[in-house]
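Q: You'll find model.pdb just under this line, and it carries PDB, C-alpha atoms, pLDDT in the B column.
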```
ATOM      1  CA  MET A   1     149.418  30.653 -60.156  1.00 52.00           C
ATOM      2  CA  ALA A   2     150.074  27.072 -61.223  1.00 55.00           C
ATOM      3  CA  ALA A   3     150.040  24.091 -58.904  1.00 61.00           C
ATOM      4  CA  ILE A   4     153.253  23.385 -57.026  1.00 60.00           C
ATOM      5  CA  GLU A   5     155.379  20.810 -58.813  1.00 59.00           C
ATOM      6  CA  LEU A   6     155.668  17.698 -56.699  1.00 64.00           C
ATOM      7  CA  GLY A   7     159.036  16.157 -56.070  1.00 60.00           C
ATOM      8  CA  THR A   8     160.044  13.262 -53.852  1.00 59.00           C
ATOM      9  CA  PRO A   9     159.015  13.782 -50.201  1.00 61.00           C
ATOM     10  CA  THR A  10     162.031  14.402 -47.989  1.00 61.00           C
ATOM     11  CA  ARG A  11     160.455  12.510 -45.078  1.00 74.00           C
ATOM     12  CA  VAL A  12     157.257  10.815 -43.960  1.00 85.00           C
ATOM     13  CA  PRO A  13     155.146  13.074 -41.725  1.00 93.00           C
ATOM     14  CA  SER A  14     155.211  11.935 -38.117  1.00 95.00           C
ATOM     15  CA  GLU A  15     152.153  11.214 -36.003  1.00 95.00           C
ATOM     16  CA  ASP A  16     152.764  14.562 -34.291  1.00 97.00           C
ATOM     17  CA  ASP A  17     152.744  16.262 -37.715  1.00 97.00           C
ATOM     18  CA  LEU A  18     149.439  14.622 -38.585  1.00 97.00           C
ATOM     19  CA  ASP A  19     147.947  15.519 -35.223  1.00 97.00           C
ATOM     20  CA  ARG A  20     148.936  19.165 -35.723  1.00 98.00           C
ATOM     21  CA  ILE A  21     147.476  19.235 -39.226  1.00 98.00           C
ATOM     22  CA  ALA A  22     144.221  17.636 -38.070  1.00 98.00           C
ATOM     23  CA  GLY A  23     143.826  20.054 -35.169  1.00 98.00           C
ATOM     24  CA  ALA A  24     144.597  23.211 -37.122  1.00 98.00           C
ATOM     25  CA  CYS A  25     142.388  22.215 -40.055  1.00 98.00           C
ATOM     26  CA  ALA A  26     139.433  21.378 -37.806  1.00 97.00           C
ATOM     27  CA  PHE A  27     139.695  24.681 -35.929  1.00 97.00           C
ATOM     28  CA  LEU A  28     140.028  26.844 -39.043  1.00 98.00           C
ATOM     29  CA  ALA A  29     137.389  24.950 -41.031  1.00 98.00           C
ATOM     30  CA  ASN A  30     134.906  25.472 -38.206  1.00 97.00           C
ATOM     31  CA  LEU A  31     135.568  29.232 -38.176  1.00 97.00           C
ATOM     32  CA  LEU A  32     135.168  29.493 -41.943  1.00 98.00           C
ATOM     33  CA  LEU A  33     132.056  27.333 -42.305  1.00 96.00           C
ATOM     34  CA  ARG A  34     129.928  28.591 -39.412  1.00 95.00           C
ATOM     35  CA  PRO A  35     129.175  32.281 -38.788  1.00 95.00           C
ATOM     36  CA  GLU A  36     128.256  31.526 -35.178  1.00 96.00           C
ATOM     37  CA  ALA A  37     131.548  29.735 -34.499  1.00 96.00           C
ATOM     38  CA  GLY A  38     133.454  32.950 -33.865  1.00 96.00           C
ATOM     39  CA  ALA A  39     131.529  33.809 -30.702  1.00 96.00           C
ATOM     40  CA  ALA A  40     132.013  30.285 -29.344  1.00 95.00           C
ATOM     41  CA  VAL A  41     135.760  30.447 -30.001  1.00 93.00           C
ATOM     42  CA  VAL A  42     136.128  33.753 -28.178  1.00 93.00           C
ATOM     43  CA  ALA A  43     134.004  32.508 -25.268  1.00 93.00           C
ATOM     44  CA  ASN A  44     135.726  29.144 -24.836  1.00 94.00           C
ATOM     45  CA  LEU A  45     139.398  29.580 -25.715  1.00 93.00           C
ATOM     46  CA  THR A  46     141.941  30.337 -23.001  1.00 92.00           C
ATOM     47  CA  HIS A  47     145.486  31.647 -22.983  1.00 89.00           C
ATOM     48  CA  ASP A  48     146.732  28.047 -22.710  1.00 91.00           C
ATOM     49  CA  ASP A  49     144.887  27.174 -25.923  1.00 90.00           C
ATOM     50  CA  VAL A  50     146.705  29.994 -27.688  1.00 93.00           C
ATOM     51  CA  VAL A  51     150.087  28.877 -26.343  1.00 91.00           C
ATOM     52  CA  HIS A  52     149.418  25.317 -27.509  1.00 95.00           C
ATOM     53  CA  TRP A  53     148.200  26.152 -31.017  1.00 97.00           C
ATOM     54  CA  PRO A  54     149.275  23.185 -33.206  1.00 97.00           C
ATOM     55  CA  PHE A  55     151.777  25.183 -35.283  1.00 98.00           C
ATOM     56  CA  ALA A  56     152.983  27.572 -32.560  1.00 97.00           C
ATOM     57  CA  GLY A  57     156.600  28.545 -33.123  1.00 96.00           C
ATOM     58  CA  THR A  58     156.781  27.438 -36.748  1.00 96.00           C
ATOM     59  CA  ASN A  59     156.711  30.743 -38.673  1.00 98.00           C
ATOM     60  CA  ALA A  60     156.126  34.494 -38.456  1.00 98.00           C
ATOM     61  CA  ALA A  61     152.567  34.346 -39.834  1.00 98.00           C
ATOM     62  CA  THR A  62     151.518  31.994 -37.051  1.00 98.00           C
ATOM     63  CA  ALA A  63     153.094  34.276 -34.456  1.00 98.00           C
ATOM     64  CA  GLN A  64     151.087  37.216 -35.834  1.00 98.00           C
ATOM     65  CA  GLY A  65     147.930  35.130 -35.751  1.00 98.00           C
ATOM     66  CA  LEU A  66     148.442  34.077 -32.162  1.00 98.00           C
ATOM     67  CA  ASP A  67     148.967  37.695 -31.120  1.00 97.00           C
ATOM     68  CA  HIS A  68     145.632  38.651 -32.675  1.00 97.00           C
ATOM     69  CA  LEU A  69     143.914  35.563 -31.263  1.00 97.00           C
ATOM     70  CA  GLY A  70     145.163  36.410 -27.781  1.00 96.00           C
ATOM     71  CA  ALA A  71     143.822  39.945 -28.186  1.00 97.00           C
ATOM     72  CA  ALA A  72     140.451  38.605 -29.358  1.00 97.00           C
ATOM     73  CA  ILE A  73     140.186  36.511 -26.201  1.00 95.00           C
ATOM     74  CA  ALA A  74     141.448  39.242 -23.863  1.00 94.00           C
ATOM     75  CA  GLU A  75     139.042  41.875 -25.211  1.00 94.00           C
ATOM     76  CA  PRO A  76     136.025  39.999 -26.623  1.00 94.00           C
ATOM     77  CA  VAL A  77     133.476  41.739 -28.788  1.00 96.00           C
ATOM     78  CA  ALA A  78     129.776  40.947 -29.063  1.00 96.00           C
ATOM     79  CA  ALA A  79     128.608  37.934 -31.063  1.00 96.00           C
ATOM     80  CA  ASP A  80     126.706  40.116 -33.535  1.00 96.00           C
ATOM     81  CA  VAL A  81     129.862  42.128 -34.254  1.00 98.00           C
ATOM     82  CA  LEU A  82     131.766  38.941 -35.038  1.00 98.00           C
ATOM     83  CA  GLU A  83     128.977  37.625 -37.247  1.00 97.00           C
ATOM     84  CA  GLU A  84     128.771  40.913 -39.124  1.00 97.00           C
ATOM     85  CA  ASP A  85     132.506  40.749 -39.805  1.00 98.00           C
ATOM     86  CA  TYR A  86     132.143  37.133 -40.978  1.00 98.00           C
ATOM     87  CA  ARG A  87     129.411  38.100 -43.416  1.00 96.00           C
ATOM     88  CA  ARG A  88     131.314  41.105 -44.750  1.00 96.00           C
ATOM     89  CA  LEU A  89     134.278  38.872 -45.494  1.00 98.00           C
ATOM     90  CA  PHE A  90     132.758  35.599 -46.654  1.00 97.00           C
ATOM     91  CA  VAL A  91     129.021  35.855 -47.378  1.00 94.00           C
ATOM     92  CA  GLY A  92     127.601  39.261 -48.213  1.00 86.00           C
ATOM     93  CA  PRO A  93     125.140  40.797 -49.004  1.00 86.00           C
ATOM     94  CA  GLY A  94     127.100  43.040 -51.258  1.00 84.00           C
ATOM     95  CA  THR A  95     130.645  42.486 -52.416  1.00 89.00           C
ATOM     96  CA  MET A  96     132.454  39.877 -50.343  1.00 93.00           C
ATOM     97  CA  LEU A  97     135.932  40.935 -49.302  1.00 96.00           C
ATOM     98  CA  ALA A  98     137.261  37.347 -49.294  1.00 97.00           C
ATOM     99  CA  PRO A  99     135.033  34.950 -51.254  1.00 96.00           C
ATOM    100  CA  PRO A 100     135.910  31.512 -49.820  1.00 97.00           C
ATOM    101  CA  TRP A 101     135.632  29.459 -53.040  1.00 96.00           C
ATOM    102  CA  GLU A 102     138.755  28.370 -54.887  1.00 97.00           C
ATOM    103  CA  SER A 103     137.271  28.721 -58.366  1.00 95.00           C
ATOM    104  CA  VAL A 104     136.457  32.413 -57.771  1.00 95.00           C
ATOM    105  CA  HIS A 105     140.165  33.072 -57.299  1.00 94.00           C
ATOM    106  CA  ARG A 106     141.532  30.784 -60.001  1.00 94.00           C
ATOM    107  CA  ASP A 107     138.960  31.028 -62.794  1.00 91.00           C
ATOM    108  CA  PRO A 108     139.834  33.816 -65.293  1.00 89.00           C
ATOM    109  CA  GLU A 109     136.309  35.234 -64.966  1.00 86.00           C
ATOM    110  CA  GLY A 110     136.036  34.701 -61.217  1.00 82.00           C
ATOM    111  CA  LEU A 111     133.119  32.280 -61.501  1.00 81.00           C
ATOM    112  CA  MET A 112     131.988  29.498 -59.163  1.00 83.00           C
ATOM    113  CA  PHE A 113     131.430  25.843 -60.131  1.00 81.00           C
ATOM    114  CA  GLN A 114     134.301  25.893 -62.617  1.00 88.00           C
ATOM    115  CA  GLU A 115     137.157  23.476 -63.368  1.00 91.00           C
ATOM    116  CA  GLU A 116     138.709  23.930 -59.944  1.00 92.00           C
ATOM    117  CA  THR A 117     135.421  22.968 -58.279  1.00 93.00           C
ATOM    118  CA  MET A 118     135.273  19.747 -60.266  1.00 94.00           C
ATOM    119  CA  ASN A 119     138.902  18.946 -59.477  1.00 96.00           C
ATOM    120  CA  VAL A 120     138.195  19.363 -55.773  1.00 97.00           C
ATOM    121  CA  ARG A 121     135.082  17.180 -56.060  1.00 96.00           C
ATOM    122  CA  HIS A 122     137.139  14.430 -57.676  1.00 97.00           C
ATOM    123  CA  ALA A 123     139.771  14.687 -54.930  1.00 97.00           C
ATOM    124  CA  TYR A 124     137.088  14.182 -52.288  1.00 97.00           C
ATOM    125  CA  ALA A 125     135.547  11.271 -54.199  1.00 97.00           C
ATOM    126  CA  GLU A 126     138.907   9.486 -54.403  1.00 97.00           C
ATOM    127  CA  PHE A 127     138.596   8.939 -50.653  1.00 97.00           C
ATOM    128  CA  GLY A 128     134.861   8.259 -50.581  1.00 96.00           C
ATOM    129  CA  LEU A 129     133.910  11.785 -49.476  1.00 95.00           C
ATOM    130  CA  GLU A 130     131.672  14.484 -50.926  1.00 93.00           C
ATOM    131  CA  ALA A 131     130.584  18.014 -50.095  1.00 91.00           C
ATOM    132  CA  PRO A 132     127.527  18.114 -47.801  1.00 92.00           C
ATOM    133  CA  ALA A 133     125.437  20.184 -50.253  1.00 83.00           C
ATOM    134  CA  LEU A 134     126.612  18.463 -53.447  1.00 77.00           C
ATOM    135  CA  HIS A 135     125.406  20.197 -56.649  1.00 77.00           C
ATOM    136  CA  LYS A 136     123.817  22.996 -54.591  1.00 81.00           C
ATOM    137  CA  GLU A 137     126.846  24.727 -53.106  1.00 87.00           C
ATOM    138  CA  PRO A 138     130.408  24.734 -54.491  1.00 92.00           C
ATOM    139  CA  ASP A 139     132.618  21.891 -53.299  1.00 95.00           C
ATOM    140  CA  ASP A 140     135.659  24.165 -53.207  1.00 97.00           C
ATOM    141  CA  HIS A 141     134.702  26.285 -50.183  1.00 97.00           C
ATOM    142  CA  LEU A 142     137.925  26.716 -48.233  1.00 98.00           C
ATOM    143  CA  GLY A 143     136.327  25.435 -45.045  1.00 97.00           C
ATOM    144  CA  LEU A 144     135.467  22.183 -46.811  1.00 97.00           C
ATOM    145  CA  GLU A 145     138.943  21.906 -48.311  1.00 98.00           C
ATOM    146  CA  LEU A 146     140.515  22.279 -44.862  1.00 98.00           C
ATOM    147  CA  ALA A 147     138.069  19.798 -43.361  1.00 98.00           C
ATOM    148  CA  PHE A 148     139.024  17.327 -46.110  1.00 98.00           C
ATOM    149  CA  VAL A 149     142.745  17.562 -45.397  1.00 98.00           C
ATOM    150  CA  GLY A 150     142.017  17.283 -41.689  1.00 98.00           C
ATOM    151  CA  GLU A 151     139.965  14.124 -42.234  1.00 98.00           C
ATOM    152  CA  LEU A 152     142.761  12.580 -44.271  1.00 98.00           C
ATOM    153  CA  ALA A 153     145.209  13.417 -41.470  1.00 98.00           C
ATOM    154  CA  VAL A 154     142.984  11.675 -38.913  1.00 98.00           C
ATOM    155  CA  ALA A 155     142.609   8.651 -41.200  1.00 98.00           C
ATOM    156  CA  ALA A 156     146.381   8.532 -41.726  1.00 97.00           C
ATOM    157  CA  LEU A 157     146.881   8.561 -37.959  1.00 97.00           C
ATOM    158  CA  ARG A 158     144.520   5.613 -37.603  1.00 97.00           C
ATOM    159  CA  ALA A 159     146.286   3.756 -40.401  1.00 97.00           C
ATOM    160  CA  SER A 160     149.606   4.345 -38.649  1.00 94.00           C
ATOM    161  CA  GLU A 161     148.225   3.024 -35.365  1.00 94.00           C
ATOM    162  CA  ASP A 162     146.853  -0.042 -37.180  1.00 96.00           C
ATOM    163  CA  GLY A 163     150.119  -0.717 -38.985  1.00 95.00           C
ATOM    164  CA  ASP A 164     148.415  -0.185 -42.349  1.00 97.00           C
ATOM    165  CA  VAL A 165     151.411   1.056 -44.343  1.00 95.00           C
ATOM    166  CA  VAL A 166     149.671   0.910 -47.739  1.00 96.00           C
ATOM    167  CA  GLY A 167     146.616   2.779 -46.502  1.00 96.00           C
ATOM    168  CA  GLN A 168     148.697   5.406 -44.763  1.00 96.00           C
ATOM    169  CA  THR A 169     150.807   5.929 -47.887  1.00 96.00           C
ATOM    170  CA  MET A 170     147.694   6.514 -49.999  1.00 97.00           C
ATOM    171  CA  LEU A 171     146.290   9.001 -47.488  1.00 97.00           C
ATOM    172  CA  LEU A 172     149.564  10.895 -47.187  1.00 97.00           C
ATOM    173  CA  ASP A 173     149.853  11.064 -50.965  1.00 96.00           C
ATOM    174  CA  GLY A 174     146.314  12.458 -51.150  1.00 97.00           C
ATOM    175  CA  MET A 175     147.121  15.116 -48.552  1.00 97.00           C
ATOM    176  CA  ARG A 176     150.344  15.992 -50.336  1.00 97.00           C
ATOM    177  CA  ARG A 177     148.731  16.332 -53.762  1.00 97.00           C
ATOM    178  CA  PHE A 178     145.773  18.339 -52.481  1.00 98.00           C
ATOM    179  CA  THR A 179     147.989  20.705 -50.532  1.00 97.00           C
ATOM    180  CA  ALA A 180     150.273  21.263 -53.539  1.00 96.00           C
ATOM    181  CA  GLU A 181     147.542  21.488 -56.186  1.00 96.00           C
ATOM    182  CA  HIS A 182     145.040  23.527 -54.203  1.00 97.00           C
ATOM    183  CA  LEU A 183     145.875  25.019 -50.805  1.00 98.00           C
ATOM    184  CA  LEU A 184     149.366  26.276 -51.619  1.00 97.00           C
ATOM    185  CA  VAL A 185     148.181  27.746 -54.908  1.00 97.00           C
ATOM    186  CA  TRP A 186     145.465  30.131 -53.807  1.00 97.00           C
ATOM    187  CA  VAL A 187     145.166  30.281 -50.017  1.00 98.00           C
ATOM    188  CA  PRO A 188     148.216  32.475 -49.179  1.00 97.00           C
ATOM    189  CA  ASP A 189     146.917  35.295 -51.392  1.00 96.00           C
ATOM    190  CA  TRP A 190     143.378  34.769 -50.107  1.00 98.00           C
ATOM    191  CA  CYS A 191     144.600  35.211 -46.548  1.00 98.00           C
ATOM    192  CA  GLU A 192     145.761  38.719 -47.416  1.00 97.00           C
ATOM    193  CA  HIS A 193     142.169  39.695 -48.250  1.00 97.00           C
ATOM    194  CA  VAL A 194     141.081  38.461 -44.827  1.00 98.00           C
ATOM    195  CA  ILE A 195     143.939  40.112 -42.946  1.00 98.00           C
ATOM    196  CA  THR A 196     143.400  43.498 -44.580  1.00 98.00           C
ATOM    197  CA  GLY A 197     139.603  43.339 -44.660  1.00 97.00           C
ATOM    198  CA  ALA A 198     138.798  42.005 -41.186  1.00 98.00           C
ATOM    199  CA  GLN A 199     137.480  44.470 -38.627  1.00 97.00           C
ATOM    200  CA  THR A 200     137.800  42.140 -35.634  1.00 98.00           C
ATOM    201  CA  GLN A 201     140.847  40.622 -34.020  1.00 98.00           C
ATOM    202  CA  LEU A 202     139.391  37.127 -34.376  1.00 98.00           C
ATOM    203  CA  TYR A 203     139.093  37.148 -38.153  1.00 98.00           C
ATOM    204  CA  ARG A 204     142.392  38.959 -38.547  1.00 98.00           C
ATOM    205  CA  ALA A 205     143.831  36.110 -36.481  1.00 98.00           C
ATOM    206  CA  THR A 206     142.081  33.618 -38.771  1.00 98.00           C
ATOM    207  CA  GLY A 207     143.832  35.040 -41.819  1.00 98.00           C
ATOM    208  CA  TRP A 208     147.262  34.961 -40.206  1.00 98.00           C
ATOM    209  CA  LEU A 209     146.826  31.535 -38.619  1.00 98.00           C
ATOM    210  CA  LEU A 210     145.625  30.051 -41.892  1.00 98.00           C
ATOM    211  CA  ARG A 211     148.558  31.538 -43.779  1.00 98.00           C
ATOM    212  CA  GLY A 212     150.936  30.101 -41.199  1.00 98.00           C
ATOM    213  CA  ALA A 213     149.210  26.720 -41.148  1.00 98.00           C
ATOM    214  CA  VAL A 214     149.307  26.322 -44.924  1.00 98.00           C
ATOM    215  CA  GLN A 215     152.963  27.321 -44.944  1.00 97.00           C
ATOM    216  CA  ALA A 216     153.750  24.760 -42.245  1.00 97.00           C
ATOM    217  CA  MET A 217     151.676  22.052 -43.947  1.00 97.00           C
ATOM    218  CA  GLY A 218     153.445  22.714 -47.216  1.00 96.00           C
ATOM    219  CA  LYS A 219     156.812  22.268 -45.535  1.00 95.00           C
ATOM    220  CA  VAL A 220     155.735  19.009 -43.880  1.00 95.00           C
ATOM    221  CA  LEU A 221     153.851  17.478 -46.819  1.00 95.00           C
ATOM    222  CA  VAL A 222     155.447  18.933 -49.942  1.00 93.00           C
ATOM    223  CA  GLY A 223     158.912  19.985 -48.857  1.00 85.00           C
TER     224      GLY A 223
END
```
Re-express the file's structure as C-alpha cells.
A:
Amino acid sequence: MAAIELGTPTRVPSEDDLDRIAGACAFLANLLLRPEAGAAVVANLTHDDVVHWPFAGTNAATAQGLDHLGAAIAEPVAADVLEEDYRRLFVGPGTMLAPPWESVHRDPEGLMFQEETMNVRHAYAEFGLEAPALHKEPDDHLGLELAFVGELAVAALRASEDGDVVGQTMLLDGMRRFTAEHLLVWVPDWCEHVITGAQTQLYRATGWLLRGAVQAMGKVLVG
C-alpha cells in the first residue's frame, strides 16, 4: 500500500488532541517494546483508566479494545502467560505472528533493514532523534515509531505553551507526514495479525486500541 497522499490540513490539532496522541502513543509503545510491561499494565490499571483512555468514544475499534482491556484487568492472568503471548506475537523463537518492523511488512521480500527502515531513521534524525540501538536493531520497530510520534506531540505541546508558532508548525508537519507515510500505511493491517493471533485479552486489546488510535490520529493529523 502506498503512502497516504497529503492534502491541506483541515484544522490545527488542539492541545487536547496532542495530549491524547502523546498519552496513547506512550502507553502502546511501552506495551510493544517491553515484554514485562504487560504484567505491570494489568496490575496497575483500574476501571477509571479504561474509561478515560485518550481516544475513548472515537471509533468502533477503540470500543472493542477497551472491552478487551477491561476484561484483562477484571480477570488477570499470570505474568508468564502474558510474556509468552508477547513473544509468540512479536519476538519468537519460531515464526512471529506479528513481526513489529515496518520493513518486514512493506518490503517485497519481507526483509528487515530495508528502504523503509532508512526512511524512518531519516524521519527521526530530522528532529534530532535516533533509535536506541542504532545499526544493531531496526529503527522501524512499531514501538519506536509510536514513541517518536508521541515525543513530537509532547514537543508540540511545549511549543504551543511557549508561543513558538514556527516550532509547533514544524513538529505538527513532522507528525502529519510520519503518520501518513508510515503508520497509516502498514499498521491497520498489522493490527489484524495481533487481534487474531493474541491468546490473552491484553494483547487482543493492544491490537484493537492501536487500530483505533491510528485511525483517530489519521483523522486529526491528516484529515
Q: Contacts between stretch 19-32 of chain A and stretch 84-114 of chain A, please, where a residue of stretch 84-114 of chain A counts if it comes within 9 Å (with all atoms listed in the file); show its shortest atom pair and distance in Å to one decimal, rows by chain and ascending number, as a Markdown table.
A:
```
| residue | atom | partner | partner_atom | distance |
| --- | --- | --- | --- | --- |
| A:Tyr86 | CA | A:Leu32 | CA | 8.3 |
| A:Phe90 | CA | A:Leu32 | CA | 8.1 |
| A:Pro100 | CA | A:Leu32 | CA | 8.2 |
```
Q: Could you tell me how far atom CA of A:Pro138 sits from atom CA of A:Tyr124, in Å to one decimal place?
A: 12.7 Å
Q: Step by step, work through what the PyMOL selection byres ((chain A and resi 40-56) around 9) selects in the shown file, and finish by giving those residues as a PyMOL selection string.
A: chain A and resi 17+19-24+31+36-39+57-59+62-63+66-67+69-70+72-74+76-77+79+202+209+212-213+216
Q: Step by step, work through what the PyMOL selection byres ((chain A and resi 111-116) around 12) selects in the shown file, and finish by giving those residues as a PDB file with C-alpha atoms, keeping the file's coordinate frame.
A:
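Contents of the output file result04.pdb:
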```
ATOM      1  CA  ALA A   2     150.074  27.072 -61.223  1.00 55.00           C
ATOM      2  CA  ALA A   3     150.040  24.091 -58.904  1.00 61.00           C
ATOM      3  CA  PRO A  99     135.033  34.950 -51.254  1.00 96.00           C
ATOM      4  CA  PRO A 100     135.910  31.512 -49.820  1.00 97.00           C
ATOM      5  CA  TRP A 101     135.632  29.459 -53.040  1.00 96.00           C
ATOM      6  CA  GLU A 102     138.755  28.370 -54.887  1.00 97.00           C
ATOM      7  CA  SER A 103     137.271  28.721 -58.366  1.00 95.00           C
ATOM      8  CA  VAL A 104     136.457  32.413 -57.771  1.00 95.00           C
ATOM      9  CA  HIS A 105     140.165  33.072 -57.299  1.00 94.00           C
ATOM     10  CA  ARG A 106     141.532  30.784 -60.001  1.00 94.00           C
ATOM     11  CA  ASP A 107     138.960  31.028 -62.794  1.00 91.00           C
ATOM     12  CA  PRO A 108     139.834  33.816 -65.293  1.00 89.00           C
ATOM     13  CA  GLU A 109     136.309  35.234 -64.966  1.00 86.00           C
ATOM     14  CA  GLY A 110     136.036  34.701 -61.217  1.00 82.00           C
ATOM     15  CA  THR A 117     135.421  22.968 -58.279  1.00 93.00           C
ATOM     16  CA  MET A 118     135.273  19.747 -60.266  1.00 94.00           C
ATOM     17  CA  ASN A 119     138.902  18.946 -59.477  1.00 96.00           C
ATOM     18  CA  VAL A 120     138.195  19.363 -55.773  1.00 97.00           C
ATOM     19  CA  ARG A 121     135.082  17.180 -56.060  1.00 96.00           C
ATOM     20  CA  HIS A 122     137.139  14.430 -57.676  1.00 97.00           C
ATOM     21  CA  ALA A 123     139.771  14.687 -54.930  1.00 97.00           C
ATOM     22  CA  LEU A 134     126.612  18.463 -53.447  1.00 77.00           C
ATOM     23  CA  HIS A 135     125.406  20.197 -56.649  1.00 77.00           C
ATOM     24  CA  LYS A 136     123.817  22.996 -54.591  1.00 81.00           C
ATOM     25  CA  GLU A 137     126.846  24.727 -53.106  1.00 87.00           C
ATOM     26  CA  PRO A 138     130.408  24.734 -54.491  1.00 92.00           C
ATOM     27  CA  ASP A 139     132.618  21.891 -53.299  1.00 95.00           C
ATOM     28  CA  ASP A 140     135.659  24.165 -53.207  1.00 97.00           C
ATOM     29  CA  HIS A 141     134.702  26.285 -50.183  1.00 97.00           C
ATOM     30  CA  GLU A 145     138.943  21.906 -48.311  1.00 98.00           C
ATOM     31  CA  PHE A 178     145.773  18.339 -52.481  1.00 98.00           C
ATOM     32  CA  GLU A 181     147.542  21.488 -56.186  1.00 96.00           C
ATOM     33  CA  HIS A 182     145.040  23.527 -54.203  1.00 97.00           C
ATOM     34  CA  LEU A 183     145.875  25.019 -50.805  1.00 98.00           C
ATOM     35  CA  VAL A 185     148.181  27.746 -54.908  1.00 97.00           C
ATOM     36  CA  TRP A 186     145.465  30.131 -53.807  1.00 97.00           C
TER      37      TRP A 186
END
```
Q: For A:Leu144, which residue among A:Arg204, A:Ser14, A:Arg34, A:Ala61 is the nearest when counting all atoms listed in the file?
A: A:Arg34
Q: Applying the PyMOL selection byres ((chain A and resi 149-159) around 6) to the file I just gave you, which residues come out? Please list them as a ChimeraX atom specification.
A: /A:18,22,25,146-148,160-162,164,168,171,175
Q: Produce the centre coordinates and the three edge lengths, each in Å to one decimal, of the box along x, y and z that contains all listed atoms of stretch 82-88 of chain A with 8 Å added on each side, as JSON.
A:
```
{"center_x": 130.6, "center_y": 39.1, "center_z": -39.9, "size_x": 19.7, "size_y": 20.0, "size_z": 25.7}
```
Q: As an exercise, work out the distance from atom CA of A:Leu210 to atom CA of A:Trp190 in Å and give it to one decimal place.
A: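 Going from atom CA of A:Leu210 over to atom CA of A:Trp190 covers 9.7 Å.
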Q: Quote the spacing between atom CA of A:Gln201 and atom CA of A:Gly65 in Å to one decimal place.
A: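 These atoms are spaced 9.1 Å apart.
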Q: Rank nothing, just name the residue among A:Ala205, A:Val222, A:Val194, A:Leu142 nearest to A:Arg88, using all atoms listed in the file.
A: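 Among the listed residues, the smallest separation from A:Arg88 belongs to A:Val194.
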